$ cat coords-v4.txt   # compact mmCIF, N, CA and C atoms
# COMPACT_ATOMS: atom_id res chain seq x y z
N MET A 169 -22.56 4.64 14.12
CA MET A 169 -21.67 5.09 13.07
C MET A 169 -20.67 3.97 12.74
N ARG A 170 -20.56 3.66 11.49
CA ARG A 170 -19.63 2.62 11.02
C ARG A 170 -18.21 3.15 11.02
N ARG A 171 -17.33 2.40 11.64
CA ARG A 171 -15.91 2.76 11.60
C ARG A 171 -15.24 1.95 10.49
N PRO A 172 -14.47 2.62 9.64
CA PRO A 172 -13.77 1.89 8.60
C PRO A 172 -12.76 0.92 9.21
N TRP A 173 -12.58 -0.20 8.57
CA TRP A 173 -11.57 -1.16 9.02
C TRP A 173 -11.02 -1.87 7.79
N ILE A 174 -9.86 -2.48 7.96
CA ILE A 174 -9.25 -3.24 6.88
C ILE A 174 -8.96 -4.65 7.37
N LYS A 175 -8.97 -5.57 6.46
CA LYS A 175 -8.64 -6.95 6.77
C LYS A 175 -7.19 -7.18 6.35
N ILE A 176 -6.43 -7.81 7.22
CA ILE A 176 -5.05 -8.15 6.90
C ILE A 176 -4.85 -9.63 7.22
N GLU A 177 -4.27 -10.34 6.28
CA GLU A 177 -4.04 -11.77 6.47
C GLU A 177 -2.93 -11.99 7.48
N VAL A 178 -3.04 -13.05 8.27
CA VAL A 178 -1.99 -13.35 9.26
C VAL A 178 -0.67 -13.68 8.57
N SER A 179 -0.72 -14.07 7.31
CA SER A 179 0.51 -14.42 6.59
C SER A 179 1.19 -13.22 5.95
N THR A 180 0.58 -12.04 6.01
CA THR A 180 1.13 -10.87 5.33
C THR A 180 2.59 -10.57 5.71
N PRO A 181 2.97 -10.61 6.99
CA PRO A 181 4.36 -10.29 7.32
C PRO A 181 5.39 -11.24 6.69
N ASP A 182 4.96 -12.44 6.32
CA ASP A 182 5.88 -13.44 5.78
C ASP A 182 5.80 -13.60 4.26
N LYS A 183 5.04 -12.75 3.60
CA LYS A 183 4.90 -12.87 2.15
C LYS A 183 6.21 -12.46 1.45
N PRO A 184 6.53 -13.12 0.35
CA PRO A 184 7.75 -12.78 -0.39
C PRO A 184 7.79 -11.32 -0.84
N GLU A 185 6.64 -10.75 -1.16
CA GLU A 185 6.59 -9.36 -1.60
C GLU A 185 7.03 -8.42 -0.47
N VAL A 186 6.63 -8.74 0.76
CA VAL A 186 7.04 -7.92 1.91
C VAL A 186 8.55 -7.98 2.08
N CYS A 187 9.10 -9.18 1.95
CA CYS A 187 10.55 -9.35 2.04
C CYS A 187 11.26 -8.58 0.93
N ALA A 188 10.73 -8.63 -0.28
CA ALA A 188 11.34 -7.92 -1.40
C ALA A 188 11.31 -6.41 -1.18
N ILE A 189 10.19 -5.90 -0.68
CA ILE A 189 10.07 -4.46 -0.42
C ILE A 189 11.06 -4.06 0.68
N ALA A 190 11.13 -4.87 1.74
CA ALA A 190 12.05 -4.59 2.85
C ALA A 190 13.50 -4.57 2.36
N THR A 191 13.85 -5.53 1.54
CA THR A 191 15.21 -5.60 1.01
C THR A 191 15.51 -4.40 0.14
N ARG A 192 14.58 -4.06 -0.73
CA ARG A 192 14.78 -2.92 -1.64
C ARG A 192 14.98 -1.61 -0.88
N LEU A 193 14.20 -1.43 0.20
CA LEU A 193 14.26 -0.19 0.96
C LEU A 193 15.22 -0.24 2.15
N ARG A 194 15.77 -1.43 2.39
CA ARG A 194 16.67 -1.63 3.52
C ARG A 194 16.02 -1.26 4.84
N ILE A 195 14.79 -1.77 5.02
CA ILE A 195 14.08 -1.58 6.28
C ILE A 195 13.56 -2.94 6.76
N ASP A 196 13.15 -2.99 7.99
CA ASP A 196 12.64 -4.22 8.60
C ASP A 196 11.30 -4.61 7.95
N PRO A 197 11.06 -5.91 7.74
CA PRO A 197 9.77 -6.33 7.18
C PRO A 197 8.57 -5.87 8.01
N ASP A 198 8.73 -5.79 9.32
CA ASP A 198 7.63 -5.29 10.16
C ASP A 198 7.31 -3.83 9.83
N ALA A 199 8.32 -3.05 9.49
CA ALA A 199 8.10 -1.66 9.08
C ALA A 199 7.33 -1.61 7.76
N VAL A 200 7.63 -2.54 6.88
CA VAL A 200 6.90 -2.62 5.61
C VAL A 200 5.42 -2.89 5.88
N VAL A 201 5.14 -3.85 6.76
CA VAL A 201 3.74 -4.17 7.08
C VAL A 201 3.04 -2.95 7.67
N GLY A 202 3.72 -2.23 8.55
CA GLY A 202 3.13 -1.02 9.11
C GLY A 202 2.82 0.02 8.05
N LYS A 203 3.71 0.18 7.09
CA LYS A 203 3.49 1.14 6.01
C LYS A 203 2.36 0.68 5.08
N LEU A 204 2.26 -0.63 4.88
CA LEU A 204 1.14 -1.16 4.09
C LEU A 204 -0.18 -0.89 4.80
N VAL A 205 -0.21 -1.07 6.12
CA VAL A 205 -1.43 -0.79 6.89
C VAL A 205 -1.79 0.68 6.75
N ARG A 206 -0.80 1.56 6.79
CA ARG A 206 -1.08 3.00 6.59
C ARG A 206 -1.70 3.25 5.22
N LEU A 207 -1.14 2.63 4.18
CA LEU A 207 -1.66 2.80 2.82
C LEU A 207 -3.08 2.28 2.71
N TRP A 208 -3.29 1.05 3.17
CA TRP A 208 -4.63 0.45 3.06
C TRP A 208 -5.66 1.18 3.91
N ALA A 209 -5.25 1.66 5.09
CA ALA A 209 -6.16 2.42 5.95
C ALA A 209 -6.52 3.75 5.28
N TRP A 210 -5.53 4.41 4.67
CA TRP A 210 -5.80 5.66 3.95
C TRP A 210 -6.80 5.41 2.83
N ALA A 211 -6.57 4.36 2.06
CA ALA A 211 -7.46 4.05 0.93
C ALA A 211 -8.87 3.74 1.42
N GLU A 212 -8.98 2.99 2.49
CA GLU A 212 -10.31 2.63 3.02
C GLU A 212 -11.00 3.85 3.63
N SER A 213 -10.31 4.62 4.43
CA SER A 213 -10.95 5.74 5.11
C SER A 213 -11.33 6.86 4.16
N ASN A 214 -10.66 6.94 3.02
CA ASN A 214 -10.99 7.96 2.02
C ASN A 214 -11.86 7.41 0.89
N ARG A 215 -12.29 6.17 1.05
CA ARG A 215 -13.16 5.52 0.05
C ARG A 215 -12.59 5.64 -1.35
N ILE A 216 -11.30 5.37 -1.43
CA ILE A 216 -10.56 5.46 -2.69
C ILE A 216 -11.00 4.34 -3.63
N GLN A 217 -11.11 4.66 -4.91
CA GLN A 217 -11.39 3.64 -5.91
C GLN A 217 -10.09 2.90 -6.20
N PRO A 218 -10.01 1.60 -5.95
CA PRO A 218 -8.74 0.88 -6.10
C PRO A 218 -8.19 0.88 -7.53
N ASN A 219 -9.05 1.08 -8.53
CA ASN A 219 -8.58 1.08 -9.91
C ASN A 219 -8.10 2.45 -10.37
N ASP A 220 -8.30 3.46 -9.55
CA ASP A 220 -7.83 4.81 -9.89
C ASP A 220 -7.66 5.57 -8.58
N LEU A 221 -6.45 5.53 -8.03
CA LEU A 221 -6.21 6.17 -6.74
C LEU A 221 -6.29 7.69 -6.83
N GLY A 222 -6.01 8.23 -8.00
CA GLY A 222 -6.13 9.67 -8.20
C GLY A 222 -5.08 10.49 -7.47
N VAL A 223 -3.94 9.88 -7.18
CA VAL A 223 -2.85 10.59 -6.49
C VAL A 223 -1.52 10.25 -7.16
N THR A 224 -0.49 10.97 -6.76
CA THR A 224 0.84 10.73 -7.32
C THR A 224 1.63 9.74 -6.45
N LYS A 225 2.72 9.27 -7.00
CA LYS A 225 3.64 8.41 -6.24
C LYS A 225 4.17 9.15 -5.03
N GLU A 226 4.50 10.41 -5.22
CA GLU A 226 5.04 11.23 -4.13
C GLU A 226 4.03 11.35 -2.99
N PHE A 227 2.76 11.51 -3.34
CA PHE A 227 1.73 11.59 -2.32
C PHE A 227 1.66 10.30 -1.51
N LEU A 228 1.67 9.17 -2.21
CA LEU A 228 1.62 7.88 -1.50
C LEU A 228 2.85 7.66 -0.64
N ASP A 229 4.01 8.11 -1.10
CA ASP A 229 5.21 8.01 -0.27
C ASP A 229 5.00 8.79 1.04
N LYS A 230 4.35 9.94 0.97
CA LYS A 230 4.09 10.72 2.17
C LYS A 230 3.08 10.02 3.07
N VAL A 231 2.04 9.44 2.48
CA VAL A 231 1.05 8.70 3.27
C VAL A 231 1.73 7.57 4.03
N CYS A 232 2.66 6.89 3.37
CA CYS A 232 3.33 5.73 3.96
C CYS A 232 4.55 6.12 4.80
N GLY A 233 4.99 7.35 4.68
CA GLY A 233 6.10 7.81 5.48
C GLY A 233 7.47 7.32 5.05
N ARG A 234 7.61 7.02 3.74
CA ARG A 234 8.91 6.53 3.27
C ARG A 234 9.07 6.83 1.79
N LYS A 235 10.07 7.63 1.48
CA LYS A 235 10.37 7.91 0.07
C LYS A 235 10.80 6.61 -0.60
N GLY A 236 10.26 6.36 -1.78
CA GLY A 236 10.58 5.15 -2.53
C GLY A 236 9.66 3.97 -2.24
N PHE A 237 8.76 4.13 -1.26
CA PHE A 237 7.87 3.01 -0.92
C PHE A 237 6.95 2.67 -2.09
N THR A 238 6.44 3.69 -2.74
CA THR A 238 5.54 3.48 -3.88
C THR A 238 6.25 2.73 -5.00
N GLU A 239 7.47 3.11 -5.28
CA GLU A 239 8.24 2.43 -6.33
C GLU A 239 8.49 0.97 -5.96
N ALA A 240 8.76 0.72 -4.69
CA ALA A 240 8.95 -0.66 -4.22
C ALA A 240 7.67 -1.47 -4.36
N LEU A 241 6.52 -0.84 -4.11
CA LEU A 241 5.24 -1.52 -4.29
C LEU A 241 5.00 -1.86 -5.77
N LEU A 242 5.38 -0.94 -6.64
CA LEU A 242 5.26 -1.19 -8.08
C LEU A 242 6.12 -2.39 -8.49
N GLN A 243 7.35 -2.44 -7.99
CA GLN A 243 8.26 -3.54 -8.32
C GLN A 243 7.73 -4.87 -7.80
N ALA A 244 7.06 -4.84 -6.64
CA ALA A 244 6.53 -6.07 -6.04
C ALA A 244 5.20 -6.49 -6.66
N GLY A 245 4.58 -5.62 -7.46
CA GLY A 245 3.30 -5.94 -8.07
C GLY A 245 2.09 -5.64 -7.19
N TRP A 246 2.33 -4.95 -6.08
CA TRP A 246 1.22 -4.60 -5.17
C TRP A 246 0.64 -3.23 -5.48
N LEU A 247 1.18 -2.59 -6.48
CA LEU A 247 0.67 -1.33 -7.00
C LEU A 247 0.93 -1.38 -8.49
N ILE A 248 -0.01 -0.87 -9.26
CA ILE A 248 0.13 -0.88 -10.72
C ILE A 248 0.01 0.56 -11.23
N GLU A 249 0.91 0.89 -12.16
CA GLU A 249 0.86 2.20 -12.79
C GLU A 249 0.47 2.00 -14.25
N GLY A 250 -0.67 2.54 -14.61
CA GLY A 250 -1.15 2.42 -15.98
C GLY A 250 -1.48 3.78 -16.54
N PRO A 251 -2.02 3.81 -17.74
CA PRO A 251 -2.36 5.09 -18.38
C PRO A 251 -3.39 5.89 -17.58
N GLU A 252 -4.20 5.20 -16.81
CA GLU A 252 -5.23 5.86 -16.00
C GLU A 252 -4.68 6.36 -14.67
N GLY A 253 -3.48 5.91 -14.30
CA GLY A 253 -2.89 6.30 -13.03
C GLY A 253 -2.51 5.09 -12.19
N LEU A 254 -2.43 5.28 -10.89
CA LEU A 254 -2.04 4.21 -9.98
C LEU A 254 -3.26 3.43 -9.51
N SER A 255 -3.08 2.13 -9.34
CA SER A 255 -4.18 1.30 -8.83
C SER A 255 -3.64 0.24 -7.89
N LEU A 256 -4.51 -0.21 -6.98
CA LEU A 256 -4.19 -1.27 -6.03
C LEU A 256 -4.91 -2.56 -6.47
N PRO A 257 -4.20 -3.48 -7.06
CA PRO A 257 -4.85 -4.73 -7.47
C PRO A 257 -5.29 -5.52 -6.25
N ASN A 258 -6.41 -6.18 -6.36
CA ASN A 258 -6.94 -7.06 -5.29
C ASN A 258 -7.23 -6.33 -3.99
N PHE A 259 -7.45 -5.02 -4.02
CA PHE A 259 -7.71 -4.28 -2.80
C PHE A 259 -9.04 -4.67 -2.18
N GLU A 260 -10.03 -4.86 -3.01
CA GLU A 260 -11.34 -5.19 -2.48
C GLU A 260 -11.42 -6.65 -2.20
$ encode --input "coords-v4.txt" --output "structure tokens"
Amino acid sequence: MRRPWIKIEVSTPDKPEVCAIATRLRIDPDAVVGKLVRLWAWAESNRIQPNDLGVTKEFLDKVCGRKGFTEALLQAGWLIEGPEGLSLPNFE
């Protein structure tokens, strides 16, 4: 049986976007990385289409365990909100 997994770059904790999200939410950058892992793991384990997540911002905040996390991702460009809904650019 194949177990889902995600790839994370070793540079992820030091990316400017992580710092921006941490600053916006007033949390530690390591907490941001953990919440990103939760988001990416949820998307992978549920075989979510990255161009149409099919969920609300509030739902993603619950998945990540932090109110406002989705909005911070939008501001950082790691989540896009379009007419079709929310999408994760470069997820695949």
$ residues_around --input "coords-v4.txt" --residues "Leu256 in chain A" --least-positions-apart "3" --cutoff "6 Å" --atoms "only N, CA and C atoms" --output "ChimeraX atom specification"
/A:218-220,246-248,259
$ write_last_selection --input "coords-v4.txt" --atoms "N, CA and C atoms" --output "CSV table (one decimal), in the coordinates of the input"
chain,number,residue,atom,x,y,z
A,218,PRO,N,-10.0,1.6,-6.0
A,218,PRO,CA,-8.7,0.9,-6.1
A,218,PRO,C,-8.2,0.9,-7.5
A,219,ASN,N,-9.0,1.1,-8.5
A,219,ASN,CA,-8.6,1.1,-9.9
A,219,ASN,C,-8.1,2.4,-10.4
A,220,ASP,N,-8.3,3.5,-9.6
A,220,ASP,CA,-7.8,4.8,-9.9
A,220,ASP,C,-7.7,5.6,-8.6
A,246,TRP,N,2.3,-5.0,-6.1
A,246,TRP,CA,1.2,-4.6,-5.2
A,246,TRP,C,0.6,-3.2,-5.5
A,247,LEU,N,1.2,-2.6,-6.5
A,247,LEU,CA,0.7,-1.3,-7.0
A,247,LEU,C,0.9,-1.4,-8.5
A,248,ILE,N,0.0,-0.9,-9.3
A,248,ILE,CA,0.1,-0.9,-10.7
A,248,ILE,C,0.0,0.6,-11.2
A,259,PHE,N,-7.4,-5.0,-4.0
A,259,PHE,CA,-7.7,-4.3,-2.8
A,259,PHE,C,-9.0,-4.7,-2.2
$ atom_distance --input "coords-v4.txt" --atom1 "CA of Lys235 in chain A" --atom2 "CA of Arg171 in chain A"
29.2 Å
$ closest_residue --input "coords-v4.txt" --among "A:Leu254, A:Leu242, A:Ile195, A:Val231" --to "Trp210 in chain A" --atoms "all atoms listed in the file"
A:Val231
$ select_by_dssp --input "coords-v4.txt" --residues "chain A" --states "alpha helix (DSSP H)" --output "number ranges by chain"
A: 184-193, 197-213, 225-232, 237-244
$ select_by_dssp --input "coords-v4.txt" --residues "chain A" --states "strand (DSSP E)" --output "list in words"
Ile248, Glu249, Gly250, Gly253, Leu254 and Ser255 of chain A
$ atom_distance --input "coords-v4.txt" --atom1 "atom C of Pro197 in chain A" --atom2 "CA of Pro181 in chain A"
6.1 Å
$ atom_distance --input "coords-v4.txt" --atom1 "CA of Val200 in chain A" --atom2 "atom N of Ser213 in chain A"
18.7 Å
$ closest_residue --input "coords-v4.txt" --among "A:Pro251, A:Pro184, A:Pro172, A:Gly233" --to "Glu212 in chain A" --atoms "only N, CA and C atoms"
A:Pro172
$ residues_around --input "coords-v4.txt" --residues "Ile174 in chain A" --least-positions-apart "2" --cutoff "7 Å" --atoms "all atoms listed in the file" --output "JSON, numbers by chain"
{"A": [172, 176, 208, 209]}
$ closest_residue --input "coords-v4.txt" --among "A:Leu228, A:Ala244, A:Ile216, A:Val205" --to "Thr191 in chain A" --atoms "only C-alpha atoms"
A:Ala244
$ closest_residue --input "coords-v4.txt" --among "A:Ile189, A:Val223, A:Val178, A:Cys232" --to "Leu204 in chain A" --atoms "all atoms listed in the file"
A:Cys232
$ residues_around --input "coords-v4.txt" --residues "Gln217 in chain A" --least-positions-apart "4" --cutoff "7 Å" --atoms "all atoms listed in the file" --output "PyMOL selection string"
chain A and resi 211+221-222+255-256
$ closest_residue --input "coords-v4.txt" --among "A:Pro257, A:Glu252, A:Trp173, A:Val201" --to "Val186 in chain A" --atoms "only C-alpha atoms"
A:Val201
$ decode --input "coords-v4.txt" --residues "range 180-193 of chain A" --atoms "all heavy atoms" --output "short mmCIF file (atom, residue, chain, number, x, y, z; two decimals), in the first residue's frame"
data_model
loop_
_atom_site.label_atom_id
_atom_site.label_comp_id
_atom_site.auth_asym_id
_atom_site.auth_seq_id
_atom_site.Cartn_x
_atom_site.Cartn_y
_atom_site.Cartn_z
N THR A 180 12.90 25.74 3.02
CA THR A 180 11.56 26.26 3.32
C THR A 180 11.50 27.10 4.60
O THR A 180 10.93 28.19 4.58
CB THR A 180 10.53 25.12 3.37
OG1 THR A 180 10.51 24.47 2.09
CG2 THR A 180 9.14 25.64 3.70
N PRO A 181 12.11 26.67 5.72
CA PRO A 181 12.00 27.48 6.93
C PRO A 181 12.61 28.88 6.81
O PRO A 181 12.24 29.78 7.57
CB PRO A 181 12.77 26.66 7.98
CG PRO A 181 12.72 25.27 7.47
CD PRO A 181 12.75 25.38 5.98
N ASP A 182 13.51 29.08 5.85
CA ASP A 182 14.20 30.36 5.70
C ASP A 182 13.67 31.20 4.55
O ASP A 182 14.24 32.25 4.24
CB ASP A 182 15.70 30.11 5.52
CG ASP A 182 16.30 29.38 6.70
OD1 ASP A 182 15.99 29.75 7.85
OD2 ASP A 182 17.07 28.43 6.48
N LYS A 183 12.60 30.77 3.92
CA LYS A 183 12.07 31.54 2.78
C LYS A 183 11.43 32.85 3.26
O LYS A 183 10.84 32.90 4.34
CB LYS A 183 11.04 30.71 2.02
CG LYS A 183 11.67 29.56 1.25
CD LYS A 183 10.68 28.91 0.34
CE LYS A 183 11.36 27.81 -0.42
NZ LYS A 183 11.54 28.09 -1.81
N PRO A 184 11.55 33.90 2.47
CA PRO A 184 10.95 35.19 2.84
C PRO A 184 9.45 35.10 3.08
O PRO A 184 8.91 35.80 3.95
CB PRO A 184 11.26 36.10 1.66
CG PRO A 184 12.37 35.45 0.92
CD PRO A 184 12.29 33.98 1.21
N GLU A 185 8.76 34.24 2.34
CA GLU A 185 7.32 34.10 2.50
C GLU A 185 6.98 33.55 3.89
O GLU A 185 6.00 33.97 4.51
CB GLU A 185 6.74 33.17 1.42
CG GLU A 185 6.86 33.72 0.03
CD GLU A 185 8.14 33.30 -0.69
OE1 GLU A 185 9.09 32.85 -0.03
OE2 GLU A 185 8.19 33.42 -1.93
N VAL A 186 7.79 32.61 4.38
CA VAL A 186 7.58 32.06 5.72
C VAL A 186 7.74 33.15 6.76
O VAL A 186 6.94 33.28 7.69
CB VAL A 186 8.51 30.86 5.98
CG1 VAL A 186 8.48 30.46 7.45
CG2 VAL A 186 8.14 29.68 5.09
N CYS A 187 8.78 33.96 6.59
CA CYS A 187 9.01 35.08 7.51
C CYS A 187 7.85 36.07 7.47
O CYS A 187 7.39 36.54 8.51
CB CYS A 187 10.32 35.77 7.16
SG CYS A 187 10.74 37.10 8.28
N ALA A 188 7.35 36.36 6.28
CA ALA A 188 6.24 37.30 6.14
C ALA A 188 4.97 36.76 6.80
O ALA A 188 4.26 37.50 7.48
CB ALA A 188 5.98 37.60 4.66
N ILE A 189 4.70 35.48 6.63
CA ILE A 189 3.53 34.87 7.25
C ILE A 189 3.68 34.90 8.77
O ILE A 189 2.74 35.24 9.49
CB ILE A 189 3.33 33.43 6.73
CG1 ILE A 189 2.96 33.45 5.25
CG2 ILE A 189 2.27 32.69 7.55
CD1 ILE A 189 3.05 32.10 4.55
N ALA A 190 4.86 34.56 9.26
CA ALA A 190 5.12 34.56 10.71
C ALA A 190 4.94 35.96 11.29
O ALA A 190 4.31 36.12 12.35
CB ALA A 190 6.53 34.04 10.99
N THR A 191 5.45 36.95 10.60
CA THR A 191 5.31 38.33 11.07
C THR A 191 3.86 38.76 11.08
O THR A 191 3.38 39.36 12.04
CB THR A 191 6.15 39.27 10.18
OG1 THR A 191 7.52 38.88 10.26
CG2 THR A 191 6.01 40.71 10.61
N ARG A 192 3.15 38.44 10.01
CA ARG A 192 1.74 38.83 9.91
C ARG A 192 0.90 38.21 11.03
O ARG A 192 0.02 38.86 11.59
CB ARG A 192 1.18 38.42 8.55
CG ARG A 192 -0.26 38.77 8.34
CD ARG A 192 -0.71 38.39 6.92
NE ARG A 192 -2.10 38.66 6.73
CZ ARG A 192 -2.61 39.81 6.32
NH1 ARG A 192 -1.82 40.82 6.03
NH2 ARG A 192 -3.92 39.96 6.17
N LEU A 193 1.19 36.94 11.35
CA LEU A 193 0.40 36.23 12.35
C LEU A 193 0.99 36.30 13.76
O LEU A 193 0.41 35.79 14.71
CB LEU A 193 0.25 34.76 11.95
CG LEU A 193 -0.54 34.50 10.66
CD1 LEU A 193 -0.52 33.03 10.30
CD2 LEU A 193 -1.96 35.01 10.79
#
